[in-house]
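Dropping run.cif in here (mmCIF, C-alpha atoms):
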```cif
data_query
loop_
_atom_site.group_PDB
_atom_site.id
_atom_site.type_symbol
_atom_site.label_atom_id
_atom_site.label_comp_id
_atom_site.auth_asym_id
_atom_site.auth_seq_id
_atom_site.Cartn_x
_atom_site.Cartn_y
_atom_site.Cartn_z
ATOM 1 C CA VAL A 4 -9.016 152.579 87.430
ATOM 2 C CA VAL A 5 -6.140 151.181 85.386
ATOM 3 C CA TYR A 6 -5.681 147.972 87.380
ATOM 4 C CA GLU A 7 -7.280 146.378 90.418
ATOM 5 C CA ASP A 8 -6.943 143.108 92.247
ATOM 6 C CA GLY A 9 -7.415 142.009 95.854
ATOM 7 C CA THR A 10 -4.258 143.747 97.086
ATOM 8 C CA ILE A 11 -3.798 146.974 95.093
ATOM 9 C CA ILE A 12 -5.622 149.435 92.890
ATOM 10 C CA VAL A 13 -3.851 151.641 90.326
ATOM 11 C CA ILE A 14 -5.547 154.944 89.539
ATOM 12 C CA ASP A 15 -4.868 157.320 86.637
ATOM 13 C CA LYS A 16 -5.168 160.548 88.649
ATOM 14 C CA PRO A 17 -6.247 163.572 86.621
ATOM 15 C CA PRO A 18 -4.833 167.048 87.267
ATOM 16 C CA GLY A 19 -6.848 169.131 89.717
ATOM 17 C CA LEU A 20 -7.721 166.222 92.010
ATOM 18 C CA VAL A 21 -6.400 166.335 95.589
ATOM 19 C CA VAL A 22 -5.213 162.932 96.842
ATOM 20 C CA HIS A 23 -6.314 163.051 100.490
ATOM 21 C CA PRO A 24 -8.373 165.359 102.701
ATOM 22 C CA GLY A 25 -6.585 168.278 104.285
ATOM 23 C CA ALA A 26 -7.005 171.935 105.140
ATOM 24 C CA GLY A 27 -9.354 173.395 102.535
ATOM 25 C CA ASN A 28 -10.022 170.014 100.925
ATOM 26 C CA ILE A 29 -12.307 167.976 103.144
ATOM 27 C CA ASP A 30 -14.155 166.115 100.397
ATOM 28 C CA ARG A 31 -13.927 165.593 96.633
ATOM 29 C CA THR A 32 -10.545 163.918 97.031
ATOM 30 C CA LEU A 33 -9.154 160.715 95.583
ATOM 31 C CA VAL A 34 -9.435 159.123 99.035
ATOM 32 C CA ASN A 35 -13.174 159.938 99.145
ATOM 33 C CA ALA A 36 -13.618 158.294 95.722
ATOM 34 C CA LEU A 37 -11.560 155.261 96.785
ATOM 35 C CA ILE A 38 -13.656 154.784 99.923
ATOM 36 C CA ALA A 39 -16.819 154.945 97.817
ATOM 37 C CA HIS A 40 -15.347 152.451 95.336
ATOM 38 C CA CYS A 41 -13.551 150.037 97.684
ATOM 39 C CA GLY A 42 -15.419 150.485 100.953
ATOM 40 C CA ALA A 43 -13.627 148.967 103.909
ATOM 41 C CA SER A 44 -11.249 146.926 101.723
ATOM 42 C CA LEU A 45 -8.526 149.639 101.761
ATOM 43 C CA SER A 46 -5.457 149.258 103.971
ATOM 44 C CA GLY A 47 -5.941 150.873 107.365
ATOM 45 C CA ILE A 48 -2.280 151.788 107.822
ATOM 46 C CA GLY A 49 -2.726 155.341 106.524
ATOM 47 C CA GLY A 50 -5.491 156.032 109.039
ATOM 48 C CA VAL A 51 -8.918 157.488 108.335
ATOM 49 C CA ALA A 52 -7.609 160.410 106.259
ATOM 50 C CA ARG A 53 -5.194 158.360 104.109
ATOM 51 C CA PRO A 54 -6.383 154.750 103.887
ATOM 52 C CA GLY A 55 -4.187 152.811 101.474
ATOM 53 C CA ILE A 56 -2.208 155.859 100.360
ATOM 54 C CA VAL A 57 1.437 154.905 99.846
ATOM 55 C CA HIS A 58 2.583 157.892 97.770
ATOM 56 C CA ARG A 59 1.054 161.104 96.446
ATOM 57 C CA LEU A 60 0.987 163.281 93.383
ATOM 58 C CA ASP A 61 0.539 167.047 93.604
ATOM 59 C CA LYS A 62 -2.981 168.329 93.003
ATOM 60 C CA ASP A 63 -2.154 169.604 89.529
ATOM 61 C CA THR A 64 -0.055 166.571 88.527
ATOM 62 C CA SER A 65 -1.594 163.743 86.548
ATOM 63 C CA GLY A 66 -0.297 160.192 86.586
ATOM 64 C CA LEU A 67 -0.578 156.709 87.975
ATOM 65 C CA LEU A 68 -1.062 156.296 91.701
ATOM 66 C CA VAL A 69 -0.740 152.914 93.433
ATOM 67 C CA VAL A 70 -3.038 152.394 96.423
ATOM 68 C CA ALA A 71 -2.833 149.476 98.869
ATOM 69 C CA LYS A 72 -5.964 147.496 99.616
ATOM 70 C CA THR A 73 -4.325 145.302 102.265
ATOM 71 C CA ASP A 74 -1.982 146.102 105.130
ATOM 72 C CA LYS A 75 0.559 143.599 103.748
ATOM 73 C CA ALA A 76 0.558 145.334 100.358
ATOM 74 C CA HIS A 77 0.802 148.725 102.097
ATOM 75 C CA ARG A 78 3.903 147.680 104.036
ATOM 76 C CA ALA A 79 5.552 146.171 100.936
ATOM 77 C CA LEU A 80 4.815 149.193 98.749
ATOM 78 C CA SER A 81 5.927 151.607 101.487
ATOM 79 C CA GLU A 82 9.267 149.795 101.729
ATOM 80 C CA GLN A 83 9.744 150.008 97.958
ATOM 81 C CA PHE A 84 8.900 153.720 97.837
ATOM 82 C CA ALA A 85 11.163 154.428 100.839
ATOM 83 C CA ASP A 86 13.990 152.570 99.075
ATOM 84 C CA HIS A 87 13.518 154.759 95.942
ATOM 85 C CA GLY A 88 14.214 151.809 93.649
ATOM 86 C CA ARG A 89 17.751 151.202 94.904
ATOM 87 C CA GLU A 90 17.150 147.537 95.769
ATOM 88 C CA GLY A 91 13.841 146.647 94.143
ATOM 89 C CA GLU A 92 12.119 147.084 90.822
ATOM 90 C CA LEU A 93 10.155 150.220 91.660
ATOM 91 C CA GLU A 94 10.934 153.179 89.432
ATOM 92 C CA ARG A 95 9.099 156.500 89.417
ATOM 93 C CA GLY A 96 9.135 158.330 86.136
ATOM 94 C CA TYR A 97 7.515 161.498 84.854
ATOM 95 C CA LEU A 98 7.195 163.274 81.540
ATOM 96 C CA ALA A 99 7.638 167.014 81.933
ATOM 97 C CA LEU A 100 6.963 169.756 79.397
ATOM 98 C CA VAL A 101 9.291 172.625 80.288
ATOM 99 C CA TRP A 102 10.221 176.091 79.073
ATOM 100 C CA GLY A 103 13.553 176.197 77.221
ATOM 101 C CA ALA A 104 16.024 173.327 77.350
ATOM 102 C CA PRO A 105 18.349 172.030 80.039
ATOM 103 C CA PRO A 106 22.066 172.808 79.729
ATOM 104 C CA ARG A 107 22.767 169.198 78.658
ATOM 105 C CA PRO A 108 20.574 166.633 76.864
ATOM 106 C CA HIS A 109 20.704 164.362 79.933
ATOM 107 C CA GLY A 110 21.948 164.665 83.461
ATOM 108 C CA ASN A 111 21.354 164.488 87.176
ATOM 109 C CA ILE A 112 20.092 167.235 89.415
ATOM 110 C CA ASP A 113 21.538 166.506 92.848
ATOM 111 C CA ALA A 114 20.318 169.267 95.156
ATOM 112 C CA PRO A 115 18.734 169.018 98.610
ATOM 113 C CA ILE A 116 15.149 170.231 98.969
ATOM 114 C CA GLY A 117 13.495 171.784 102.010
ATOM 115 C CA ARG A 118 10.788 174.285 102.905
ATOM 116 C CA HIS A 119 11.149 177.701 101.308
ATOM 117 C CA LYS A 120 12.461 180.171 103.889
ATOM 118 C CA THR A 121 9.584 182.655 103.522
ATOM 119 C CA SER A 122 6.734 180.783 101.798
ATOM 120 C CA ARG A 123 5.628 177.732 103.799
ATOM 121 C CA THR A 124 3.634 176.281 100.881
ATOM 122 C CA LYS A 125 6.689 176.200 98.614
ATOM 123 C CA MET A 126 9.790 174.066 98.549
ATOM 124 C CA ALA A 127 13.267 175.221 97.516
ATOM 125 C CA ILE A 128 16.835 174.100 97.041
ATOM 126 C CA THR A 129 17.948 174.213 100.681
ATOM 127 C CA PRO A 130 21.303 173.217 102.180
ATOM 128 C CA VAL A 131 21.186 170.150 104.408
ATOM 129 C CA ALA A 132 22.495 172.313 107.263
ATOM 130 C CA ARG A 133 19.281 174.387 106.987
ATOM 131 C CA GLY A 134 16.904 171.420 106.867
ATOM 132 C CA GLY A 135 17.156 170.349 103.230
ATOM 133 C CA ARG A 136 16.873 166.644 102.488
ATOM 134 C CA GLU A 137 18.807 164.711 99.851
ATOM 135 C CA ALA A 138 17.093 164.881 96.456
ATOM 136 C CA MET A 139 18.167 163.489 93.084
ATOM 137 C CA THR A 140 16.377 163.720 89.737
ATOM 138 C CA HIS A 141 17.711 162.145 86.533
ATOM 139 C CA TYR A 142 16.510 163.749 83.303
ATOM 140 C CA GLN A 143 16.702 163.009 79.587
ATOM 141 C CA VAL A 144 15.558 165.337 76.787
ATOM 142 C CA VAL A 145 13.003 163.482 74.655
ATOM 143 C CA ALA A 146 12.253 166.334 72.238
ATOM 144 C CA THR A 147 12.735 170.065 71.809
ATOM 145 C CA PHE A 148 10.314 172.507 70.213
ATOM 146 C CA GLY A 149 10.822 175.803 68.414
ATOM 147 C CA ARG A 150 12.096 177.108 65.105
ATOM 148 C CA GLY A 151 15.032 179.261 66.170
ATOM 149 C CA PRO A 152 18.467 178.303 67.464
ATOM 150 C CA GLU A 153 17.198 178.120 71.062
ATOM 151 C CA PRO A 154 14.351 175.742 71.931
ATOM 152 C CA ILE A 155 11.178 177.363 73.208
ATOM 153 C CA ALA A 156 10.214 174.220 75.103
ATOM 154 C CA SER A 157 11.383 170.671 75.753
ATOM 155 C CA LEU A 158 9.830 167.367 76.710
ATOM 156 C CA LEU A 159 11.878 165.693 79.436
ATOM 157 C CA GLU A 160 11.740 162.220 80.878
ATOM 158 C CA CYS A 161 12.507 162.417 84.599
ATOM 159 C CA THR A 162 13.302 159.525 86.917
ATOM 160 C CA LEU A 163 13.422 160.069 90.658
ATOM 161 C CA ALA A 164 16.128 158.637 92.884
ATOM 162 C CA THR A 165 14.379 160.237 95.877
ATOM 163 C CA GLY A 166 10.833 161.399 96.512
ATOM 164 C CA ARG A 167 10.634 164.883 97.951
ATOM 165 C CA THR A 168 7.622 167.179 97.882
ATOM 166 C CA HIS A 169 7.564 169.156 94.585
ATOM 167 C CA GLN A 170 10.901 167.533 93.641
ATOM 168 C CA VAL A 171 10.531 167.577 89.849
ATOM 169 C CA ARG A 172 9.102 171.099 89.876
ATOM 170 C CA VAL A 173 11.846 172.524 92.133
ATOM 171 C CA HIS A 174 14.717 170.703 90.433
ATOM 172 C CA LEU A 175 13.701 171.606 86.889
ATOM 173 C CA ALA A 176 13.143 175.254 87.814
ATOM 174 C CA SER A 177 16.580 175.300 89.476
ATOM 175 C CA ILE A 178 18.283 174.532 86.140
ATOM 176 C CA GLY A 179 16.283 177.169 84.270
ATOM 177 C CA THR A 180 13.610 174.902 82.799
ATOM 178 C CA PRO A 181 10.396 175.406 84.823
ATOM 179 C CA LEU A 182 7.330 173.303 84.037
ATOM 180 C CA ILE A 183 4.987 174.877 81.543
ATOM 181 C CA GLY A 184 1.756 175.819 83.315
ATOM 182 C CA ASP A 185 3.211 175.648 86.841
ATOM 183 C CA PRO A 186 2.120 178.890 88.547
ATOM 184 C CA VAL A 187 4.308 178.348 91.627
ATOM 185 C CA TYR A 188 7.841 177.632 90.430
#
```
Encoding of this model in structure tokens:
Amino acid sequence: VVYEDGTIIVIDKPPGLVVHPGAGNIDRTLVNALIAHCGASLSGIGGVARPGIVHRLDKDTSGLLVVAKTDKAHRALSEQFADHGREGELERGYLALVWGAPPRPHGNIDAPIGRHKTSRTKMAITPVARGGREAMTHYQVVATFGRGPEPIASLLECTLATGRTHQVRVHLASIGTPLIGDPVY
């Protein structure tokens, strides 16, 4: 727990932890831990399986997760996440360690994301006409690593203008810089 008051709780989620129960993950989730910690004080908007959950991080992604303890906080946070920071102060940022280096030291990846056409557990760059949804990731190279003329790896700072499933992973792989350690993309 990084922060907690009567309306929200901020959790530093470790990699390997599933956020909410689902197929194959009934218990040992962040939601189970939150229920044990907060009891009935979590927002009921998400239902029994997702009480207080406003946004998610992939199982293998670490980072801060904001959870609503009241319905009022849940509605307010949901509006901010749905707005993707266009009107309010909410900004979602990630540090990503990737193979190689992007074509430019900073830029925008503006490519719609949808379900992969053959693998239902994966996402892919997908035209809007085939079900893709608008997706925008801004990136900035923080550092590059390697001794030769071409970087072996780079540390990128990514800011999301949208919030699609696997967005950072799909977008970075699409420009030739997949996340180090990501077995899927």
TODO: Please evaluate the PyMOL selection byres ((chain A and resi 187) around 10) against the displayed coordinates and give the resulting residues as an MDAnalysis selection string.
DONE: chainID A and resid 124:126 172:173 181:182 184:186 188
> In Å, with one decimal, what is the gap from atom CA of Pro106 of chain A to atom CA of Arg133 of chain A?
Replying inline: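 Between atom CA of Pro106 of chain A and atom CA of Arg133 of chain A the gap works out to 27.4 Å.
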Explicit residues for the PyMOL selection byres ((chain A and resi 9) around 9) (as a ChimeraX atom specification)
/A:7-8,10-12,44,72-73
Export, as a PDB file, keeping the file's coordinate frame, the selected residues with C-alpha atoms.
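Below you can see again.pdb, which holds the result:
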```pdb
ATOM      1  CA  GLU A   7      -7.280 146.378  90.418  1.00  0.00           C
ATOM      2  CA  ASP A   8      -6.943 143.108  92.247  1.00  0.00           C
ATOM      3  CA  THR A  10      -4.258 143.747  97.086  1.00  0.00           C
ATOM      4  CA  ILE A  11      -3.798 146.974  95.093  1.00  0.00           C
ATOM      5  CA  ILE A  12      -5.622 149.435  92.890  1.00  0.00           C
ATOM      6  CA  SER A  44     -11.249 146.926 101.723  1.00  0.00           C
ATOM      7  CA  LYS A  72      -5.964 147.496  99.616  1.00  0.00           C
ATOM      8  CA  THR A  73      -4.325 145.302 102.265  1.00  0.00           C
TER       9      THR A  73
END
```
Could you name the residues that touch segment 26-38 of chain A at 12 Å or less, counting all atoms listed in the file, but leaving out those on the same chain fewer than 5 positions away, as an mmCIF file with C-alpha atoms, in the frame of the given file?
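Here's the written file out-v4.cif:
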```
data_model
loop_
_atom_site.group_PDB
_atom_site.id
_atom_site.type_symbol
_atom_site.label_atom_id
_atom_site.label_comp_id
_atom_site.auth_asym_id
_atom_site.auth_seq_id
_atom_site.Cartn_x
_atom_site.Cartn_y
_atom_site.Cartn_z
ATOM 1 C CA VAL A 4 -9.016 152.579 87.430
ATOM 2 C CA GLU A 7 -7.280 146.378 90.418
ATOM 3 C CA ILE A 11 -3.798 146.974 95.093
ATOM 4 C CA ILE A 12 -5.622 149.435 92.890
ATOM 5 C CA VAL A 13 -3.851 151.641 90.326
ATOM 6 C CA ILE A 14 -5.547 154.944 89.539
ATOM 7 C CA ASP A 15 -4.868 157.320 86.637
ATOM 8 C CA LYS A 16 -5.168 160.548 88.649
ATOM 9 C CA PRO A 17 -6.247 163.572 86.621
ATOM 10 C CA PRO A 18 -4.833 167.048 87.267
ATOM 11 C CA GLY A 19 -6.848 169.131 89.717
ATOM 12 C CA LEU A 20 -7.721 166.222 92.010
ATOM 13 C CA VAL A 21 -6.400 166.335 95.589
ATOM 14 C CA ALA A 43 -13.627 148.967 103.909
ATOM 15 C CA SER A 44 -11.249 146.926 101.723
ATOM 16 C CA LEU A 45 -8.526 149.639 101.761
ATOM 17 C CA SER A 46 -5.457 149.258 103.971
ATOM 18 C CA GLY A 47 -5.941 150.873 107.365
ATOM 19 C CA GLY A 49 -2.726 155.341 106.524
ATOM 20 C CA GLY A 50 -5.491 156.032 109.039
ATOM 21 C CA VAL A 51 -8.918 157.488 108.335
ATOM 22 C CA ALA A 52 -7.609 160.410 106.259
ATOM 23 C CA ARG A 53 -5.194 158.360 104.109
ATOM 24 C CA PRO A 54 -6.383 154.750 103.887
ATOM 25 C CA GLY A 55 -4.187 152.811 101.474
ATOM 26 C CA ILE A 56 -2.208 155.859 100.360
ATOM 27 C CA VAL A 57 1.437 154.905 99.846
ATOM 28 C CA ARG A 59 1.054 161.104 96.446
ATOM 29 C CA LEU A 60 0.987 163.281 93.383
ATOM 30 C CA ASP A 61 0.539 167.047 93.604
ATOM 31 C CA LYS A 62 -2.981 168.329 93.003
ATOM 32 C CA LEU A 68 -1.062 156.296 91.701
ATOM 33 C CA VAL A 69 -0.740 152.914 93.433
ATOM 34 C CA VAL A 70 -3.038 152.394 96.423
ATOM 35 C CA ALA A 71 -2.833 149.476 98.869
ATOM 36 C CA LYS A 72 -5.964 147.496 99.616
#
```
Practice item. Find the residues around Leu93 of chain A up to 9 Å (all atoms listed in the file counted), leave out those fewer than 6 positions away in its own chain, and share them as a VMD selection string. Key: chain A and resid 80 83 to 84 86 to 87
- Evaluating the PyMOL selection byres ((chain A and resi 156) around 10) on the displayed file yields which residues, as a ChimeraX atom specification? /A:100-105,146-149,153-155,157-159,180-183
Enumerate, as a ChimeraX atom specification, the protein, DNA and RNA residues whose atoms approach (16.3, 176.5, 91.8) to within 9 Å, taking into account all atoms listed in the file and the coordinate frame of the file. /A:114,127-128,173-179,188
- request: Find the residue from A:His58, A:Gln170, A:Arg118, A:Asn111 that sits nearest to Glu82 of chain A; use all atoms listed in the file when measuring.
  value: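 Ranking A:His58, A:Gln170, A:Arg118, A:Asn111 by distance to Glu82 of chain A, first place goes to A:His58.
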